[in-house]
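Raw run.tsv, TSV, C-alpha atoms and all ligand atoms:
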```tsv
chain	number	residue	atom	x	y	z
A	253	MET	CA	0.00	0.00	0.00
A	254	VAL	CA	1.36	3.41	-0.90
A	255	SER	CA	1.92	5.45	2.23
A	256	HIS	CA	2.79	8.55	0.23
A	257	ILE	CA	0.36	9.56	-2.49
A	258	ASN	CA	1.90	12.01	-4.93
A	259	LYS	CA	0.97	11.17	-8.51
A	260	VAL	CA	-2.75	11.14	-8.94
A	261	ALA	CA	-4.89	10.32	-11.97
A	262	VAL	CA	-8.45	11.49	-12.49
A	263	ILE	CA	-10.49	9.65	-15.11
A	264	GLY	CA	-13.47	11.48	-16.61
A	265	LEU	CA	-13.24	15.24	-17.07
A	266	GLY	CA	-16.84	16.38	-16.73
A	267	THR	CA	-17.94	18.89	-14.09
A	268	MET	CA	-16.82	16.74	-11.17
A	269	GLY	CA	-13.68	15.28	-12.72
A	270	ALA	CA	-12.36	18.67	-13.87
A	271	GLY	CA	-13.04	20.11	-10.40
A	272	ILE	CA	-11.22	17.19	-8.75
A	273	VAL	CA	-8.22	17.65	-11.07
A	274	GLU	CA	-8.11	21.31	-10.01
A	275	VAL	CA	-8.20	20.38	-6.30
A	276	PHE	CA	-5.26	17.95	-6.57
A	277	ALA	CA	-3.14	20.15	-8.84
A	278	LYS	CA	-3.66	23.24	-6.66
A	279	ALA	CA	-2.53	21.19	-3.66
A	280	GLY	CA	0.76	20.43	-5.44
A	281	HIS	CA	0.09	16.93	-6.80
A	282	GLU	CA	1.18	15.85	-10.24
A	283	VAL	CA	-2.03	14.88	-12.00
A	284	TYR	CA	-2.89	12.79	-15.04
A	285	ALA	CA	-6.24	14.09	-16.29
A	286	VAL	CA	-7.79	11.43	-18.50
A	287	ASP	CA	-10.80	11.28	-20.75
A	288	GLY	CA	-11.95	8.94	-23.52
A	289	SER	CA	-10.59	10.87	-26.51
A	290	THR	CA	-8.15	13.68	-27.28
A	291	GLU	CA	-11.14	15.98	-27.87
A	292	LEU	CA	-12.65	15.16	-24.46
A	293	ALA	CA	-9.27	15.60	-22.78
A	294	GLU	CA	-8.97	19.01	-24.48
A	295	ARG	CA	-12.49	19.91	-23.33
A	296	GLY	CA	-11.45	18.96	-19.78
A	297	LYS	CA	-8.37	21.15	-20.09
A	298	GLY	CA	-10.70	23.99	-21.11
A	299	PHE	CA	-12.84	23.49	-17.94
A	300	VAL	CA	-9.83	23.51	-15.62
A	301	THR	CA	-8.17	26.47	-17.37
A	302	LYS	CA	-11.40	28.49	-17.28
A	303	SER	CA	-11.86	27.86	-13.58
A	304	LEU	CA	-8.25	28.86	-12.79
A	305	ASP	CA	-8.54	31.94	-15.04
A	306	ARG	CA	-11.66	32.98	-13.11
A	307	ALA	CA	-9.72	32.70	-9.84
A	308	VAL	CA	-6.94	34.87	-11.34
A	309	ALA	CA	-9.47	37.46	-12.58
A	310	LYS	CA	-10.95	37.62	-9.05
A	311	GLY	CA	-7.48	38.20	-7.59
A	312	LYS	CA	-7.64	34.89	-5.66
A	313	LEU	CA	-4.81	33.20	-7.55
A	314	ALA	CA	-1.55	34.66	-8.87
A	315	GLU	CA	-0.90	34.17	-12.58
A	316	ALA	CA	2.31	32.32	-11.76
A	317	ASP	CA	0.39	29.92	-9.49
A	318	ARG	CA	-2.17	29.28	-12.22
A	319	ASP	CA	0.65	28.49	-14.65
A	320	ALA	CA	2.38	26.23	-12.12
A	321	THR	CA	-0.91	24.44	-11.37
A	322	LEU	CA	-1.55	23.81	-15.06
A	323	ALA	CA	2.03	22.64	-15.56
A	324	ARG	CA	1.44	19.89	-12.98
A	325	ILE	CA	-1.42	18.43	-15.07
A	326	THR	CA	-0.93	16.06	-18.01
A	327	PHE	CA	-4.09	15.82	-20.11
A	328	THR	CA	-4.30	12.51	-21.91
A	329	ALA	CA	-6.66	10.02	-23.55
A	330	GLU	CA	-4.38	7.05	-22.74
A	331	LEU	CA	-5.07	4.93	-19.66
A	332	ALA	CA	-1.69	3.27	-20.30
A	333	ASP	CA	-0.02	6.55	-19.19
A	334	LEU	CA	-1.12	5.87	-15.60
A	335	ALA	CA	1.44	3.14	-14.82
A	336	ASP	CA	3.19	5.22	-12.13
A	337	ALA	CA	0.05	6.72	-10.51
A	338	ASP	CA	-0.21	6.29	-6.73
A	339	LEU	CA	-3.94	6.96	-6.74
A	340	VAL	CA	-6.58	6.90	-9.47
A	341	VAL	CA	-9.90	8.69	-8.95
A	342	GLU	CA	-12.59	7.61	-11.40
A	343	ALA	CA	-15.28	10.21	-12.18
A	344	VAL	CA	-16.94	8.86	-15.33
A	345	PRO	CA	-20.73	8.70	-15.90
A	346	GLU	CA	-22.68	6.53	-13.48
A	347	ARG	CA	-22.88	3.32	-15.49
A	348	MET	CA	-21.63	0.15	-13.86
A	349	GLU	CA	-20.44	-1.39	-17.12
A	350	ILE	CA	-18.21	1.62	-17.87
A	351	LYS	CA	-16.81	1.58	-14.33
A	352	HIS	CA	-16.08	-2.16	-14.59
A	353	LEU	CA	-14.25	-1.68	-17.89
A	354	ILE	CA	-12.09	1.06	-16.40
A	355	PHE	CA	-11.31	-0.68	-13.12
A	356	THR	CA	-10.42	-3.98	-14.78
A	357	ALA	CA	-8.19	-2.14	-17.28
A	358	LEU	CA	-6.50	-0.36	-14.36
A	359	ASP	CA	-5.75	-3.72	-12.70
A	360	ASP	CA	-3.30	-4.41	-15.54
A	361	ILE	CA	-1.87	-0.90	-15.72
A	362	VAL	CA	-1.21	0.53	-12.25
A	363	ARG	CA	1.15	-0.84	-9.60
A	364	PRO	CA	-0.38	-3.43	-7.22
A	365	ASP	CA	0.04	-0.98	-4.33
A	366	ALA	CA	-1.76	1.93	-6.05
A	367	VAL	CA	-5.13	2.98	-4.62
A	368	LEU	CA	-8.23	2.96	-6.82
A	369	ALA	CA	-11.02	5.37	-5.88
A	370	SER	CA	-14.42	6.09	-7.35
A	371	ASN	CA	-16.30	9.37	-7.12
A	372	THR	CA	-19.58	7.50	-7.62
A	373	SER	CA	-22.55	9.15	-5.95
A	374	SER	CA	-25.08	6.41	-6.62
A	375	LEU	CA	-23.60	3.03	-7.53
A	376	LEU	CA	-22.78	0.31	-5.04
A	377	LEU	CA	-19.05	0.63	-4.48
A	378	THR	CA	-18.81	-2.97	-3.31
A	379	GLU	CA	-19.91	-4.10	-6.78
A	380	ILE	CA	-17.21	-1.94	-8.40
A	381	ALA	CA	-14.57	-3.28	-5.98
A	382	ALA	CA	-15.65	-6.92	-6.29
A	383	GLY	CA	-15.07	-6.79	-10.05
A	384	THR	CA	-11.37	-5.97	-9.60
A	385	ALA	CA	-8.34	-8.14	-8.92
A	386	HIS	CA	-7.55	-6.30	-5.65
A	387	PRO	CA	-10.81	-5.16	-4.05
A	388	GLU	CA	-8.98	-4.30	-0.83
A	389	ARG	CA	-7.45	-1.22	-2.49
A	390	VAL	CA	-10.75	0.17	-3.81
A	391	VAL	CA	-12.48	2.98	-1.89
A	392	GLY	CA	-14.95	5.76	-2.59
A	393	MET	CA	-13.70	9.33	-2.70
A	394	HIS	CA	-16.88	11.31	-3.13
A	395	PHE	CA	-16.45	15.04	-3.75
A	396	PHE	CA	-19.24	17.63	-3.78
A	397	ASN	CA	-20.09	20.10	-6.50
A	398	PRO	CA	-18.34	22.53	-6.92
A	399	ALA	CA	-15.40	20.37	-5.89
A	400	PRO	CA	-12.90	23.26	-5.63
A	401	VAL	CA	-15.21	25.03	-3.15
A	402	LEU	CA	-16.98	22.45	-0.99
A	403	ALA	CA	-14.87	20.88	1.75
A	404	LEU	CA	-16.73	17.62	2.26
A	405	VAL	CA	-15.23	14.39	0.92
A	406	GLU	CA	-17.02	11.16	1.77
A	407	VAL	CA	-14.49	8.33	2.01
A	408	ILE	CA	-16.47	5.18	1.32
A	409	GLU	CA	-15.36	1.96	2.95
A	410	THR	CA	-16.59	-1.42	1.65
A	411	VAL	CA	-16.43	-4.68	3.59
A	412	LEU	CA	-13.61	-5.67	1.21
A	413	ALA	CA	-11.45	-2.59	1.83
A	414	ASP	CA	-8.11	-2.61	3.62
A	415	PRO	CA	-8.53	-0.24	6.61
A	416	GLN	CA	-5.04	1.16	5.91
A	417	VAL	CA	-6.20	2.28	2.46
A	418	VAL	CA	-9.21	4.02	4.00
A	419	THR	CA	-6.96	5.78	6.52
A	420	ALA	CA	-4.51	6.85	3.79
A	421	VAL	CA	-7.29	8.33	1.65
A	422	ARG	CA	-8.82	10.11	4.65
A	423	GLU	CA	-5.41	11.64	5.46
A	424	LEU	CA	-4.92	12.62	1.84
A	425	ALA	CA	-8.27	14.43	1.86
A	426	LEU	CA	-7.21	16.31	5.00
A	427	ASN	CA	-3.96	17.31	3.26
A	428	LEU	CA	-6.04	18.67	0.37
A	429	GLY	CA	-7.72	20.99	2.88
A	430	LYS	CA	-10.94	18.95	2.76
A	431	ARG	CA	-13.12	17.67	5.61
A	432	PRO	CA	-13.41	13.90	5.10
A	433	VAL	CA	-16.07	11.69	6.67
A	434	VAL	CA	-15.70	7.91	6.53
A	435	VAL	CA	-18.91	6.11	5.68
A	436	GLY	CA	-19.97	2.55	4.84
A	437	ASP	CA	-21.29	1.55	1.43
A	438	ARG	CA	-25.01	2.33	1.56
A	439	ALA	CA	-27.44	3.99	-0.86
A	440	GLY	CA	-26.76	7.74	-0.91
A	441	PHE	CA	-23.88	7.28	1.58
A	442	VAL	CA	-24.62	10.07	4.11
A	443	ALA	CA	-24.86	13.46	2.37
A	444	ASN	CA	-27.01	12.30	-0.54
A	445	ALA	CA	-29.18	10.20	1.78
A	446	LEU	CA	-30.04	13.51	3.44
A	447	LEU	CA	-30.05	15.75	0.38
A	448	ILE	CA	-31.72	13.77	-2.40
A	449	PRO	CA	-35.09	13.10	-0.68
A	450	TYR	CA	-35.23	16.85	0.06
A	451	LEU	CA	-34.55	17.73	-3.59
A	452	ALA	CA	-37.15	15.18	-4.74
A	453	ARG	CA	-39.67	16.64	-2.30
A	454	ALA	CA	-39.00	20.15	-3.60
A	455	ILE	CA	-39.41	19.05	-7.24
A	456	ALA	CA	-42.66	17.25	-6.36
A	457	LEU	CA	-43.87	20.45	-4.65
A	458	TYR	CA	-42.99	22.55	-7.71
A	459	GLN	CA	-44.76	19.97	-9.88
A	460	THR	CA	-48.06	20.73	-8.06
A	461	GLY	CA	-48.03	24.17	-9.73
A	462	LYS	CA	-48.84	25.86	-6.41
A	463	VAL	CA	-45.56	27.74	-6.15
A	464	SER	CA	-43.21	29.40	-8.64
A	465	ARG	CA	-39.64	28.10	-8.95
A	466	GLU	CA	-38.29	31.41	-7.62
A	467	ASP	CA	-40.57	31.47	-4.58
A	468	LEU	CA	-39.82	27.85	-3.79
A	469	ASP	CA	-36.08	28.48	-3.99
A	470	ASN	CA	-36.36	31.69	-1.97
A	471	ALA	CA	-38.28	29.87	0.77
A	472	ALA	CA	-35.32	27.53	1.24
A	473	ARG	CA	-32.68	30.26	0.88
A	474	VAL	CA	-34.22	33.11	2.81
A	475	GLY	CA	-36.37	31.11	5.23
A	476	ILE	CA	-34.11	28.17	6.03
A	477	GLY	CA	-30.77	29.83	5.33
A	478	LEU	CA	-29.52	27.36	2.70
A	479	PRO	CA	-26.95	28.74	0.22
A	480	MET	CA	-29.17	27.96	-2.77
A	481	GLY	CA	-32.74	26.84	-3.30
A	482	PRO	CA	-33.43	23.19	-4.18
A	483	LEU	CA	-34.29	23.78	-7.86
A	484	THR	CA	-31.14	25.87	-8.41
A	485	LEU	CA	-29.14	23.22	-6.58
A	486	SER	CA	-30.68	20.41	-8.65
A	487	ASP	CA	-29.64	22.31	-11.79
A	488	LEU	CA	-26.10	22.60	-10.40
A	489	VAL	CA	-25.85	18.92	-9.45
A	490	GLY	CA	-27.38	17.82	-12.80
A	491	LEU	CA	-30.95	16.52	-13.06
A	492	ASP	CA	-29.70	13.20	-14.43
A	493	VAL	CA	-27.55	12.75	-11.33
A	494	VAL	CA	-30.43	13.72	-8.99
A	495	ARG	CA	-32.65	11.22	-10.77
A	496	GLU	CA	-30.04	8.44	-10.63
A	497	VAL	CA	-29.48	8.87	-6.91
A	498	CYS	CA	-33.25	9.08	-6.35
A	499	GLU	CA	-33.69	5.75	-8.09
A	500	VAL	CA	-30.92	4.08	-6.12
A	501	MET	CA	-32.37	5.45	-2.87
A	502	TYR	CA	-35.86	4.28	-3.81
A	503	ASP	CA	-34.60	0.81	-4.73
A	504	ALA	CA	-33.01	0.56	-1.31
A	505	THR	CA	-35.78	2.05	0.82
A	506	LYS	CA	-39.01	1.69	-1.22
A	507	ARG	CA	-40.13	4.88	0.55
A	508	PRO	CA	-42.48	6.83	-1.74
A	509	SER	CA	-40.73	10.04	-0.63
A	510	ASP	CA	-37.49	8.77	-2.24
A	511	ALA	CA	-39.11	8.10	-5.64
A	512	SER	CA	-38.15	10.23	-8.62
A	513	PRO	CA	-40.93	12.80	-9.34
A	514	ALA	CA	-42.53	12.61	-12.81
A	515	LEU	CA	-41.31	16.11	-13.70
A	516	LEU	CA	-37.71	15.14	-12.95
A	517	LYS	CA	-37.95	12.13	-15.23
A	518	GLN	CA	-39.47	14.25	-18.00
A	519	LEU	CA	-36.78	16.94	-17.81
A	520	VAL	CA	-34.09	14.26	-18.01
A	521	LEU	CA	-35.80	12.61	-20.98
A	522	ALA	CA	-36.02	16.04	-22.63
A	523	GLY	CA	-32.27	16.55	-22.20
A	524	ARG	CA	-32.80	19.48	-19.81
A	525	LEU	CA	-30.17	18.41	-17.32
A	526	GLY	CA	-29.46	21.75	-15.66
A	527	ARG	CA	-26.46	24.05	-15.96
A	528	LYS	CA	-24.36	21.61	-17.95
A	529	THR	CA	-26.85	21.60	-20.83
A	530	GLY	CA	-27.81	25.28	-20.47
A	531	ARG	CA	-31.32	24.48	-19.30
A	532	GLY	CA	-33.00	22.72	-16.40
A	533	PHE	CA	-35.51	24.33	-14.05
A	534	TYR	CA	-33.87	27.61	-15.10
A	535	ASP	CA	-32.23	28.82	-18.32
A	536	TYR	CA	-28.47	29.46	-18.33
A	537	ALA	CA	-27.94	30.61	-21.91
B	601	LIG	N1	-15.66	26.41	-9.28
B	601	LIG	C1	-14.81	27.09	-8.50
B	601	LIG	N2	-15.20	28.07	-7.64
B	601	LIG	C2	-16.52	28.37	-7.60
B	601	LIG	C3	-17.48	27.68	-8.39
B	601	LIG	C4	-17.00	26.67	-9.25
B	601	LIG	N3	-17.82	25.95	-10.01
B	601	LIG	N4	-18.70	28.19	-8.10
B	601	LIG	C5	-18.53	29.15	-7.17
B	601	LIG	N5	-17.22	29.25	-6.86
B	601	LIG	C6	-16.61	30.11	-5.86
B	601	LIG	C7	-16.73	31.55	-6.27
B	601	LIG	O1	-15.63	31.92	-7.08
B	601	LIG	C8	-16.72	32.27	-4.93
B	601	LIG	O2	-15.41	32.40	-4.45
B	601	LIG	P1	-14.99	33.71	-3.59
B	601	LIG	O3	-16.03	33.89	-2.51
B	601	LIG	O4	-13.63	33.37	-3.05
B	601	LIG	O5	-15.01	34.81	-4.59
B	601	LIG	C9	-17.42	31.29	-3.99
B	601	LIG	O6	-17.36	30.01	-4.63
B	601	LIG	C10	-18.84	31.68	-3.77
B	601	LIG	O7	-19.45	31.79	-5.06
B	601	LIG	P2	-20.48	32.91	-5.47
B	601	LIG	O8	-20.19	34.18	-4.71
B	601	LIG	O9	-20.53	32.98	-6.96
B	601	LIG	O10	-21.90	32.35	-5.07
B	601	LIG	P3	-22.40	31.71	-3.72
B	601	LIG	O11	-21.93	32.47	-2.53
B	601	LIG	O12	-23.84	31.45	-3.93
B	601	LIG	O13	-21.66	30.29	-3.66
B	601	LIG	C11	-21.81	27.99	-4.04
B	601	LIG	C12	-21.82	29.36	-4.69
B	601	LIG	C13	-20.46	27.70	-3.41
B	601	LIG	C14	-22.08	27.00	-5.16
B	601	LIG	C15	-22.91	27.97	-2.92
B	601	LIG	O14	-24.11	28.48	-3.42
B	601	LIG	C16	-23.18	26.60	-2.38
B	601	LIG	O15	-22.44	26.09	-1.55
B	601	LIG	N6	-24.27	25.98	-2.85
B	601	LIG	C17	-24.67	24.64	-2.42
B	601	LIG	C18	-23.90	23.62	-3.23
B	601	LIG	C19	-24.15	22.23	-2.76
B	601	LIG	O16	-24.93	21.94	-1.88
B	601	LIG	N7	-23.45	21.29	-3.41
B	601	LIG	C20	-23.60	19.89	-3.10
B	601	LIG	C21	-24.40	19.24	-4.16
B	601	LIG	S1	-24.58	17.50	-3.87
B	601	LIG	C22	-23.26	16.81	-4.64
B	601	LIG	O17	-22.48	17.41	-5.31
B	601	LIG	C23	-23.11	15.35	-4.40
B	601	LIG	C24	-23.74	14.45	-5.35
B	601	LIG	O18	-23.29	13.33	-5.45
B	601	LIG	C25	-24.97	14.76	-6.08
```

When written as structure tokens, how does the structure in this file appear?
Ligand code: CAA
Amino acid sequence: MVSHINKVAVIGLGTMGAGIVEVFAKAGHEVYAVDGSTELAERGKGFVTKSLDRAVAKGKLAEADRDATLARITFTAELADLADADLVVEAVPERMEIKHLIFTALDDIVRPDAVLASNTSSLLLTEIAAGTAHPERVVGMHFFNPAPVLALVEVIETVLADPQVVTAVRELALNLGKRPVVVGDRAGFVANALLIPYLARAIALYQTGKVSREDLDNAARVGIGLPMGPLTLSDLVGLDVVREVCEVMYDATKRPSDASPALLKQLVLAGRLGRKTGRGFYDYA
């Protein structure tokens, strides 16, 4: 087991993956940022660069630090490049067959003592781990959106995991300036088990037509003191992700309150996934 994690790889450069790359690179790690094609890797580079440029424009990051951060990142479409990674964080779409393909490929590429982590927010981590040659080195490392801002990292421990790996990943998260919590492998882990039924409830309430989206969001923001209303937050998280976690929660609990509201399903079917597609409950054009 690696006691010192320096070289990190992040696979999947969507909203979460790009944010996670930024977190590691800013903290001084060398990072391989991987996506499925050169075009997707370039798109990921664009996300990270834009975020760092915004920090420079706001005076929060010196230009030299932005350049040094970018210089620590290698954008690539080749999994084979990851042979010397100490830790791999997978952040690809939530489909078990894709995760299995990646984790089994990694078995043949990375060192036996490298740690494999998944940023999954809805799939059973034990199933991901059990499909690998060394399930004891597989953990969850679940970041929250926006990853560069939110401090919580859920470190997910399966029954197959080596406790030393869990401890190493928890310590790594602390060194990144994050606030890790260690949690067993259960539907929604902890944060989503609290959050997703609330978001589903809010969407169901909006679906009744008795309240406008703005008033509903303001009730949560102004009345309960949350940083954003539930419809705005659903748009930020991605309506597809909210729906996926809803379905996993419902499968596990069979509680009607955890079921995905009809409106959520329709918006996902319509391709209105929130900020990432420019339209969800609100327009972002
Ligand atoms: N990347 C980097 N930095 C960002 C950012 C992003 N995507 N979005 C906002 N920020 C930064 C801003 O630059 C700003 O920094 P400074 O204060 O240093 O200038 C800071 O965050 C605050 O941003 P804003 O002033 O623009 O707006 P805000 O005060 O409303 O904060 C927010 C924005 C941080 C997103 C805040 O509204 C918030 O915390 N919202 C709740 C988000 C949340 O609950 N996320 C969890 C979702 S669940 C999840 O992700 C798990 C899952 O599996 C589904």

Shell around Thr505 (chain A) at 12 Å using only C-alpha atoms, local window under 3 positions removed, as a PyMOL selection string = chain A and resi 438-440+445+449+498-502+508-511

List every protein, DNA or RNA residue that has an atom no more than 8 Å from (-8.2, -3.4, -3.4) in the file's coordinate frame, counting only C-alpha atoms, and report them as an mmCIF file with C-alpha atoms, keeping the file's coordinate frame.
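The file below, selection-v1.cif, is the result:
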```
data_model
loop_
_atom_site.group_PDB
_atom_site.id
_atom_site.type_symbol
_atom_site.label_atom_id
_atom_site.label_comp_id
_atom_site.auth_asym_id
_atom_site.auth_seq_id
_atom_site.Cartn_x
_atom_site.Cartn_y
_atom_site.Cartn_z
ATOM 1 C CA VAL A 367 -5.130 2.980 -4.620
ATOM 2 C CA LEU A 368 -8.230 2.960 -6.820
ATOM 3 C CA ALA A 381 -14.570 -3.280 -5.980
ATOM 4 C CA THR A 384 -11.370 -5.970 -9.600
ATOM 5 C CA ALA A 385 -8.340 -8.140 -8.920
ATOM 6 C CA HIS A 386 -7.550 -6.300 -5.650
ATOM 7 C CA PRO A 387 -10.810 -5.160 -4.050
ATOM 8 C CA GLU A 388 -8.980 -4.300 -0.830
ATOM 9 C CA ARG A 389 -7.450 -1.220 -2.490
ATOM 10 C CA VAL A 390 -10.750 0.170 -3.810
ATOM 11 C CA VAL A 391 -12.480 2.980 -1.890
ATOM 12 C CA LEU A 412 -13.610 -5.670 1.210
ATOM 13 C CA ALA A 413 -11.450 -2.590 1.830
ATOM 14 C CA ASP A 414 -8.110 -2.610 3.620
#
```

Kindly provide, as a ChimeraX atom specification, all nucleotide and amino acid residues lying within 7 Å of ligand LIG 601 (chain B), counting all atoms listed in the file.
-> /A:271,303,307,310,312,373,395-402,444,479-480,485,489,493-494

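For the residues A:Val262, A:Leu491, A:Met268, A:Leu322, ranking by smallest atom-to-atom distance to Ala452 (chain A) using only C-alpha atoms places A:Leu491 first.
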
Could you tell me, as a ChimeraX atom specification, which residues have any atom at most 9 Å from (-6.5, 29.5, -10.6), counting all atoms listed in the file?
-> /A:274,278,300-309,312-315,317-319,321-322

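The space separating CA of Ile448 (chain A) from CA of Arg495 (chain A) comes to 8.8 Å.
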
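Residue nearest Gln459 (chain A) within the list A:Arg363, A:Arg527, A:Lys517, A:His352: A:Lys517 [criterion: smallest interatomic distance, only C-alpha atoms].
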
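CA of Thr267 (chain A) sits 18.1 Å away from CA of Leu375 (chain A).
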
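Across the model, the gap from CA of Tyr450 (chain A) to CA of Leu468 (chain A) is 12.5 Å.
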
Distance query Val418 (chain A) at most 12 Å, only C-alpha atoms, self and fewer than 2 positions along chain excluded, as a PyMOL selection string = chain A and resi 253-255+367-369+388-393+406-416+420-425+432-436

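Among the candidates A:Ile325, A:Ala261, A:Leu478, A:Leu525, the residue lying nearest to Val340 (chain A) is A:Ala261 (atoms considered: all atoms listed in the file).
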